[in-house]
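Peer 1: This is entry25.cif (mmCIF, C-alpha atoms).
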data_model
#
loop_
_atom_site.label_atom_id
_atom_site.label_comp_id
_atom_site.auth_asym_id
_atom_site.auth_seq_id
_atom_site.Cartn_x
_atom_site.Cartn_y
_atom_site.Cartn_z
CA MET A 1 140.60 107.75 116.36
CA LYS A 2 143.15 106.69 113.73
CA PHE A 3 143.42 103.16 112.36
CA ALA A 4 146.43 101.41 110.77
CA ARG A 5 146.52 100.53 107.07
CA ASN A 6 146.28 96.86 108.01
CA PRO A 7 144.03 97.00 111.06
CA THR A 8 143.76 94.16 113.52
CA PRO A 9 140.36 92.47 114.12
CA ARG A 10 139.96 94.57 117.27
CA GLN A 11 140.62 97.79 115.35
CA ARG A 12 138.14 96.76 112.63
CA LEU A 13 135.50 96.17 115.32
CA LEU A 14 136.14 99.59 116.89
CA LYS A 15 135.86 101.22 113.48
CA ALA A 16 132.54 99.48 112.79
CA LEU A 17 131.16 100.56 116.17
CA THR A 18 132.27 104.14 115.58
CA LEU A 19 130.55 104.23 112.21
CA ALA A 20 127.38 102.74 113.71
CA LEU A 21 127.24 105.49 116.36
CA VAL A 22 127.66 108.15 113.69
CA VAL A 23 124.78 106.67 111.66
CA LEU A 24 122.56 106.44 114.77
CA ALA A 25 123.20 110.07 115.67
CA THR A 26 122.30 111.06 112.12
CA VAL A 27 119.07 109.05 112.04
CA MET A 28 117.85 110.29 115.43
CA SER A 29 116.80 113.83 114.61
CA PRO A 30 116.72 116.55 117.29
CA ALA A 31 112.93 116.15 117.47
CA VAL A 32 113.23 112.43 118.23
CA LEU A 33 115.89 113.06 120.85
CA ALA A 34 113.73 115.78 122.41
CA ASN A 35 110.76 113.43 122.59
CA GLU A 36 112.89 110.77 124.25
CA SER A 37 114.09 113.24 126.87
CA LYS A 38 110.53 114.42 127.57
CA LYS A 39 109.14 111.01 128.57
CA ALA A 40 107.08 111.37 131.73
CA THR A 41 108.50 110.01 134.95
CA PHE A 42 106.44 109.77 138.12
CA SER A 43 106.86 108.27 141.58
CA ASN A 44 104.86 107.70 144.74
CA THR A 45 105.78 111.20 145.86
CA THR A 46 104.48 112.92 142.72
CA THR A 47 102.19 115.84 143.56
CA LEU A 48 99.30 117.23 141.54
CA GLN A 49 101.30 120.37 140.88
CA THR A 50 104.22 118.34 139.52
CA ILE A 51 101.86 116.51 137.18
CA LEU A 52 100.27 119.72 135.94
CA THR A 53 103.62 121.10 134.84
CA ASN A 54 104.99 117.83 133.43
CA SER A 55 105.84 117.67 129.73
CA HIS A 56 103.38 114.82 129.08
CA ARG A 57 100.64 117.47 129.05
CA SER A 58 100.33 119.49 125.87
CA GLU A 59 100.56 123.26 125.92
CA GLN A 60 96.93 123.39 124.77
CA ASN A 61 95.81 121.34 127.76
CA ARG A 62 97.87 123.35 130.21
CA LEU A 63 96.31 126.58 128.93
CA ARG A 64 92.91 125.32 130.09
CA ASP A 65 94.06 125.03 133.72
CA LYS A 66 93.11 128.67 134.32
CA TYR A 67 89.49 127.78 133.59
CA ARG A 68 89.34 124.28 135.06
CA HIS A 69 91.54 124.66 138.17
CA PRO A 70 92.30 120.93 138.30
CA ALA A 71 94.48 120.87 141.43
CA GLN A 72 92.00 122.92 143.46
CA THR A 73 89.02 120.94 142.13
CA LEU A 74 90.51 117.54 142.95
CA LYS A 75 91.60 118.71 146.39
CA PHE A 76 88.08 120.01 147.02
CA PHE A 77 86.68 116.60 146.13
CA GLY A 78 89.11 115.07 148.65
CA LEU A 79 91.32 113.13 146.26
CA ARG A 80 94.19 111.16 147.84
CA SER A 81 96.89 109.20 146.04
CA ASN A 82 95.91 105.85 147.61
CA MET A 83 92.28 105.95 146.46
CA THR A 84 90.45 103.84 143.90
CA VAL A 85 88.76 106.36 141.61
CA VAL A 86 86.30 106.02 138.73
CA GLU A 87 86.28 108.75 136.09
CA LEU A 88 82.97 108.78 134.22
CA TRP A 89 82.91 109.60 130.50
CA PRO A 90 86.54 110.80 130.30
CA GLY A 91 86.16 112.33 126.83
CA SER A 92 89.54 113.14 125.32
CA GLY A 93 91.32 112.31 128.59
CA TRP A 94 92.02 115.84 129.83
CA TYR A 95 91.54 114.83 133.47
CA THR A 96 92.73 111.27 132.86
CA GLU A 97 96.28 112.47 132.16
CA ILE A 98 96.26 114.10 135.61
CA LEU A 99 94.52 111.35 137.57
CA ALA A 100 96.43 108.40 136.06
CA PRO A 101 99.95 109.36 137.19
CA PHE A 102 98.71 110.67 140.53
CA LEU A 103 97.06 107.35 141.39
CA ALA A 104 99.50 104.99 139.67
CA ALA A 105 101.83 104.21 142.60
CA LYS A 106 99.41 103.69 145.48
CA GLY A 107 95.89 103.92 144.08
CA GLN A 108 93.85 102.85 141.08
CA LEU A 109 92.12 104.76 138.27
CA ILE A 110 89.18 103.21 136.45
CA VAL A 111 87.78 104.92 133.36
CA THR A 112 84.62 104.18 131.43
CA SER A 113 84.64 103.29 127.74
CA PHE A 114 81.73 102.52 125.49
CA ALA A 115 81.37 98.94 124.26
CA PRO A 116 81.19 98.35 121.44
CA SER A 117 82.65 101.66 120.34
CA THR A 118 83.05 102.96 116.81
CA SER A 119 82.89 106.69 117.54
CA LYS A 120 86.01 108.69 116.69
CA PRO A 121 86.34 110.32 120.15
CA ALA A 122 86.08 106.98 121.96
CA LEU A 123 88.55 105.31 119.62
CA ALA A 124 90.94 108.25 120.00
CA PHE A 125 90.76 107.92 123.79
CA GLN A 126 91.42 104.20 123.63
CA ALA A 127 94.42 104.86 121.37
CA LEU A 128 95.70 107.46 123.85
CA LEU A 129 95.72 104.88 126.64
CA ALA A 130 97.39 102.23 124.49
CA ASP A 131 100.04 104.53 123.03
CA HIS A 132 101.34 105.87 126.34
CA PRO A 133 101.81 102.96 128.77
CA GLU A 134 104.29 105.02 130.81
CA ILE A 135 101.36 107.24 131.83
CA PHE A 136 98.24 105.08 131.45
CA GLY A 137 99.61 101.55 131.81
CA LYS A 138 97.93 100.94 135.17
CA VAL A 139 94.55 102.41 134.22
CA LYS A 140 91.66 99.95 134.20
CA VAL A 141 88.84 100.32 131.68
CA SER A 142 85.22 99.58 132.56
CA GLN A 143 83.27 98.79 129.40
CA ILE A 144 79.76 100.25 129.52
CA ASN A 145 76.80 100.25 127.16
CA PRO A 146 74.24 102.74 128.52
CA PRO A 147 71.46 102.73 129.39
CA ASN A 148 71.32 98.94 129.72
CA GLU A 149 74.78 98.21 131.10
CA ILE A 150 76.53 100.74 133.35
CA THR A 151 78.49 98.64 135.82
CA LEU A 152 81.47 100.70 136.91
CA ALA A 153 83.13 98.40 139.44
CA PRO A 154 82.17 95.75 142.01
CA ASP A 155 79.63 96.99 144.54
CA ASN A 156 81.04 99.04 147.47
CA SER A 157 84.60 98.91 146.09
CA VAL A 158 85.68 102.42 145.10
CA ASP A 159 86.54 105.51 147.15
CA MET A 160 85.58 108.22 144.68
CA VAL A 161 83.66 108.75 141.46
CA VAL A 162 84.24 111.94 139.46
CA THR A 163 82.53 113.49 136.47
CA PHE A 164 83.41 116.64 134.57
CA ARG A 165 80.80 118.38 132.37
CA ASN A 166 78.87 115.23 131.48
CA ILE A 167 75.51 115.55 133.21
CA HIS A 168 73.88 117.57 130.42
CA ASN A 169 74.71 114.73 128.02
CA TRP A 170 73.24 112.09 130.34
CA VAL A 171 70.06 114.13 130.77
CA LYS A 172 69.72 114.59 127.02
CA ALA A 173 70.26 110.85 126.46
CA GLY A 174 67.69 110.02 129.14
CA TYR A 175 69.86 107.90 131.45
CA ALA A 176 71.19 110.28 134.12
CA GLU A 177 69.35 108.36 136.86
CA GLN A 178 71.01 105.10 135.81
CA VAL A 179 74.47 106.70 135.95
CA TYR A 180 73.85 108.07 139.46
CA ALA A 181 72.61 104.65 140.56
CA ALA A 182 75.70 102.93 139.11
CA ALA A 183 77.99 105.39 140.89
CA TYR A 184 76.14 104.80 144.16
CA LYS A 185 76.50 101.01 143.86
CA ALA A 186 80.22 101.18 143.07
CA LEU A 187 81.14 103.52 145.92
CA LYS A 188 81.99 102.34 149.40
CA PRO A 189 79.83 103.73 152.20
CA GLY A 190 81.39 107.10 152.91
CA GLY A 191 82.70 107.33 149.33
CA ILE A 192 82.67 110.60 147.42
CA LEU A 193 80.95 111.66 144.20
CA GLY A 194 82.62 114.76 142.72
CA VAL A 195 80.65 116.73 140.14
CA GLU A 196 81.61 119.60 137.85
CA GLU A 197 78.95 120.83 135.42
CA HIS A 198 77.96 123.85 133.33
CA ARG A 199 75.71 125.99 135.55
CA ALA A 200 72.50 127.58 134.27
CA LYS A 201 70.73 130.70 135.43
CA PRO A 202 68.19 129.93 138.20
CA GLY A 203 64.77 128.86 136.99
CA ILE A 204 65.83 127.25 133.71
CA SER A 205 63.53 124.56 132.33
CA LEU A 206 64.71 121.04 131.60
CA GLU A 207 64.03 121.57 127.91
CA GLU A 208 66.19 124.70 127.87
CA SER A 209 68.96 122.87 129.75
CA ILE A 210 69.02 120.14 127.14
CA LYS A 211 69.11 122.73 124.37
CA THR A 212 71.85 124.94 125.86
CA GLY A 213 73.97 122.49 127.85
CA TYR A 214 73.60 124.55 131.04
CA MET A 215 72.13 122.64 134.01
CA SER A 216 70.23 123.93 137.01
CA GLU A 217 72.43 123.58 140.11
CA ASP A 218 69.40 122.95 142.32
CA GLY A 219 68.12 120.41 139.81
CA VAL A 220 71.43 118.52 139.73
CA ILE A 221 71.60 118.42 143.52
CA ALA A 222 68.01 117.16 143.77
CA ALA A 223 68.58 114.42 141.17
CA VAL A 224 71.82 113.20 142.75
CA GLU A 225 70.31 113.19 146.25
CA LYS A 226 67.31 111.28 144.92
CA ALA A 227 69.80 108.51 144.05
CA GLY A 228 70.78 108.29 147.73
CA PHE A 229 73.71 110.72 147.95
CA LYS A 230 73.97 113.63 150.35
CA LEU A 231 75.44 116.99 149.38
CA VAL A 232 78.53 117.74 151.47
CA SER A 233 79.81 120.99 150.03
CA LYS A 234 79.74 123.44 147.12
CA SER A 235 82.67 125.39 145.71
CA GLU A 236 83.01 128.42 143.44
CA ILE A 237 86.43 127.25 142.19
CA ASN A 238 85.12 126.97 138.63
CA ALA A 239 82.74 129.93 138.64
CA ASN A 240 82.95 132.40 135.75
CA PRO A 241 80.90 135.60 136.27
CA LYS A 242 81.68 136.70 132.70
CA ASP A 243 79.52 133.89 131.33
CA THR A 244 76.14 135.42 130.44
CA LYS A 245 74.67 132.05 129.34
CA ASP A 246 72.56 133.56 126.57
CA TYR A 247 74.37 132.51 123.41
CA PRO A 248 72.83 131.29 120.14
CA GLY A 249 74.75 128.01 120.30
CA GLY A 250 74.40 127.39 124.03
CA VAL A 251 77.46 126.52 126.09
CA TRP A 252 79.24 125.29 122.96
CA THR A 253 79.48 128.92 121.80
CA LEU A 254 82.32 129.40 124.30
CA PRO A 255 85.85 127.93 124.19
CA GLN A 256 86.96 125.36 123.40
CA THR A 257 84.19 124.49 120.94
CA LEU A 258 83.56 128.04 119.65
CA SER A 259 80.62 126.80 117.60
CA GLN A 260 79.98 130.20 116.00
CA GLY A 261 83.31 130.11 114.18
CA GLN A 262 84.69 133.58 113.55
CA LYS A 263 81.49 135.38 114.52
CA ASP A 264 82.15 137.35 117.75
CA ARG A 265 85.10 135.02 118.33
CA GLN A 266 87.16 137.49 120.33
CA ARG A 267 84.21 138.24 122.59
CA PHE A 268 83.79 134.56 123.42
CA LEU A 269 87.52 134.07 123.92
CA THR A 270 87.48 136.99 126.36
CA ILE A 271 84.64 135.38 128.31
CA GLY A 272 86.51 132.09 128.50
CA GLU A 273 85.06 128.71 129.40
CA SER A 274 81.65 128.32 131.04
CA ASP A 275 80.49 129.11 134.55
CA ARG A 276 80.46 125.79 136.44
CA MET A 277 79.08 124.30 139.61
CA THR A 278 81.51 122.16 141.62
CA LEU A 279 79.81 119.82 144.07
CA GLN A 280 80.91 117.17 146.55
CA PHE A 281 78.46 114.42 147.52
CA VAL A 282 78.86 111.46 149.86
CA LYS A 283 77.34 108.00 149.90
CA PRO A 284 76.11 107.83 153.51
CA LYS A 285 77.54 105.22 155.84
CA ALA A 286 75.06 102.69 157.15
CA SER A 287 73.58 103.80 160.46
#
Is it possible to express this structure as structure tokens?
Peer 2:
Amino acid sequence: MKFARNPTPRQRLLKALTLALVVLATVMSPAVLANESKKATFSNTTTLQTILTNSHRSEQNRLRDKYRHPAQTLKFFGLRSNMTVVELWPGSGWYTEILAPFLAAKGQLIVTSFAPSTSKPALAFQALLADHPEIFGKVKVSQINPPNEITLAPDNSVDMVVTFRNIHNWVKAGYAEQVYAAAYKALKPGGILGVEEHRAKPGISLEESIKTGYMSEDGVIAAVEKAGFKLVSKSEINANPKDTKDYPGGVWTLPQTLSQGQKDRQRFLTIGESDRMTLQFVKPKAS
């Protein structure tokens, strides 16, 4: 656009606007523009498969799908988009970034967070929720302080409670029974408890489970049923027959922790993530 030597006020305004656009285009680098274009968008018709392939998930997280089978696992549990769901001990939020957008339009996701929390992982998770309102803006946080305070939600108010590879930590900390009881109280009659956990060889002792991180499947089932639940179904979705479960650093020897560093690293990468039980329990309806 050309301007006269003595431009009119309108021409001066157009020139100023043109210069401003040039400056803006210069300031916004390709990386910034790419990030803007990759913002997650979801609707009430969003499927699990759509979420799994969405750009809000990092490449590192997507690479773990082959071990964790999130869509198949959540379908096995019976997840529906209009449910109220509690995710126990969400860790870094690997499953949270799948559950949150799936439930945002018609359901509700509640996640637990330690209170007060000064640990780096917990603070990082809280920052994740706060920094991405387009994904996690509708997520509710239930502050817990185990073993004394583990109230997840009002009694008989949620449709599903899920936990992924947490039971060995609860057992080690000595409050697994309290967590099962809290889940039972929060669930509606007929509500589902979905469990995924590292699976030990049959006959393992409790002491060895605590040391290695691998839990007895029969022992987990017995403990959860003792809390009032009934086992509905088992699945081999997350089984890994390559996992020999005899490593010097327990389950943490395998990806993603790889606690042995470079020692036998390729061997452990070839094995992949741990062999896991996948269990669906129900809180019985009153007779």
Peer 1: Evaluate the PyMOL selection byres ((chain A and resi 86) around 10) here and jot the selected residues down as a VMD selection string.
Peer 2: chain A and resid 83 to 85 87 to 90 99 108 to 112 140 to 142 152 to 153 158 to 163 183 186 to 187 193
Peer 1: Nearest residue to Ser216 in chain A out of A:Arg276, A:Ser157, A:Ser58, A:Leu231, using only C-alpha atoms?
Peer 2: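 The answer is A:Arg276, which sits nearest to Ser216 in chain A.
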Peer 1: Residues picked by the PyMOL selection byres ((chain A and resi 78) around 12) here, as a list in words?
Peer 2: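 Taken over the shown coordinates, the PyMOL selection byres ((chain A and resi 78) around 12) returns Ala71, Gln72, Thr73, Leu74, Lys75, Phe76, Phe77, Leu79, Arg80, Ser81, Asn82, Met83, Val85, Asp159, Met160, Val161, Val162, Gly190, Gly191, Ile192, Leu193, Gly194, Val232, Ser233, Leu279, Gln280, Phe281 and Val282 of chain A.
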Peer 1: Grab the residues selected above and save them as a PDB file, keeping the file's coordinate frame with C-alpha atoms.
Peer 2:
ATOM      1  CA  ALA A  71      94.480 120.870 141.430  1.00  0.00           C
ATOM      2  CA  GLN A  72      92.000 122.920 143.460  1.00  0.00           C
ATOM      3  CA  THR A  73      89.020 120.940 142.130  1.00  0.00           C
ATOM      4  CA  LEU A  74      90.510 117.540 142.950  1.00  0.00           C
ATOM      5  CA  LYS A  75      91.600 118.710 146.390  1.00  0.00           C
ATOM      6  CA  PHE A  76      88.080 120.010 147.020  1.00  0.00           C
ATOM      7  CA  PHE A  77      86.680 116.600 146.130  1.00  0.00           C
ATOM      8  CA  LEU A  79      91.320 113.130 146.260  1.00  0.00           C
ATOM      9  CA  ARG A  80      94.190 111.160 147.840  1.00  0.00           C
ATOM     10  CA  SER A  81      96.890 109.200 146.040  1.00  0.00           C
ATOM     11  CA  ASN A  82      95.910 105.850 147.610  1.00  0.00           C
ATOM     12  CA  MET A  83      92.280 105.950 146.460  1.00  0.00           C
ATOM     13  CA  VAL A  85      88.760 106.360 141.610  1.00  0.00           C
ATOM     14  CA  ASP A 159      86.540 105.510 147.150  1.00  0.00           C
ATOM     15  CA  MET A 160      85.580 108.220 144.680  1.00  0.00           C
ATOM     16  CA  VAL A 161      83.660 108.750 141.460  1.00  0.00           C
ATOM     17  CA  VAL A 162      84.240 111.940 139.460  1.00  0.00           C
ATOM     18  CA  GLY A 190      81.390 107.100 152.910  1.00  0.00           C
ATOM     19  CA  GLY A 191      82.700 107.330 149.330  1.00  0.00           C
ATOM     20  CA  ILE A 192      82.670 110.600 147.420  1.00  0.00           C
ATOM     21  CA  LEU A 193      80.950 111.660 144.200  1.00  0.00           C
ATOM     22  CA  GLY A 194      82.620 114.760 142.720  1.00  0.00           C
ATOM     23  CA  VAL A 232      78.530 117.740 151.470  1.00  0.00           C
ATOM     24  CA  SER A 233      79.810 120.990 150.030  1.00  0.00           C
ATOM     25  CA  LEU A 279      79.810 119.820 144.070  1.00  0.00           C
ATOM     26  CA  GLN A 280      80.910 117.170 146.550  1.00  0.00           C
ATOM     27  CA  PHE A 281      78.460 114.420 147.520  1.00  0.00           C
ATOM     28  CA  VAL A 282      78.860 111.460 149.860  1.00  0.00           C
TER      29      VAL A 282
END
Peer 1: For a test of reading the model, state the distance in Å between CA of Asp246 in chain A and CA of Arg64 in chain A, rounded to one decimal.
Peer 2: 22.2 Å
Peer 1: Under the PyMOL selection byres ((chain A and resi 204-214) around 6), which residues of this model are included? Write them out as a list of chain:residue names.
Peer 2: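 So the PyMOL selection byres ((chain A and resi 204-214) around 6), applied here, picks out A:His168, A:Lys172, A:His198, A:Arg199, A:Ala200, A:Pro202, A:Gly203, A:Met215, A:Gly250, A:Val251.
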Peer 1: Find the distance between CA of Val179 in chain A and CA of Pro284 in chain A and write it in Å to one decimal.
Peer 2: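 Spanning CA of Val179 in chain A to CA of Pro284 in chain A is a straight-line distance of 17.7 Å.
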Peer 1: Give me, as number ranges by chain, all polymer residues having an atom no more than 12 Å from Arg267 in chain A, counting all atoms listed in the file and skipping those fewer than 2 positions away in the same chain.
Peer 2: A: 242-244, 247, 253-255, 258, 260-265, 269-273
Peer 1: Just checking: using only C-alpha atoms, which residue out of A:Thr257, A:Ser119, A:Asn166, A:Gln178 ends up closest to Pro147 in chain A?
Peer 2: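 Of A:Thr257, A:Ser119, A:Asn166, A:Gln178, the one nearest Pro147 in chain A is A:Gln178, counting only C-alpha atoms.
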Peer 1: Enter the distance from CA of Gly107 in chain A to CA of Phe229 in chain A, in Å, rounded to one decimal.
Peer 2: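 Separating CA of Gly107 in chain A from CA of Phe229 in chain A is a distance of 23.5 Å.
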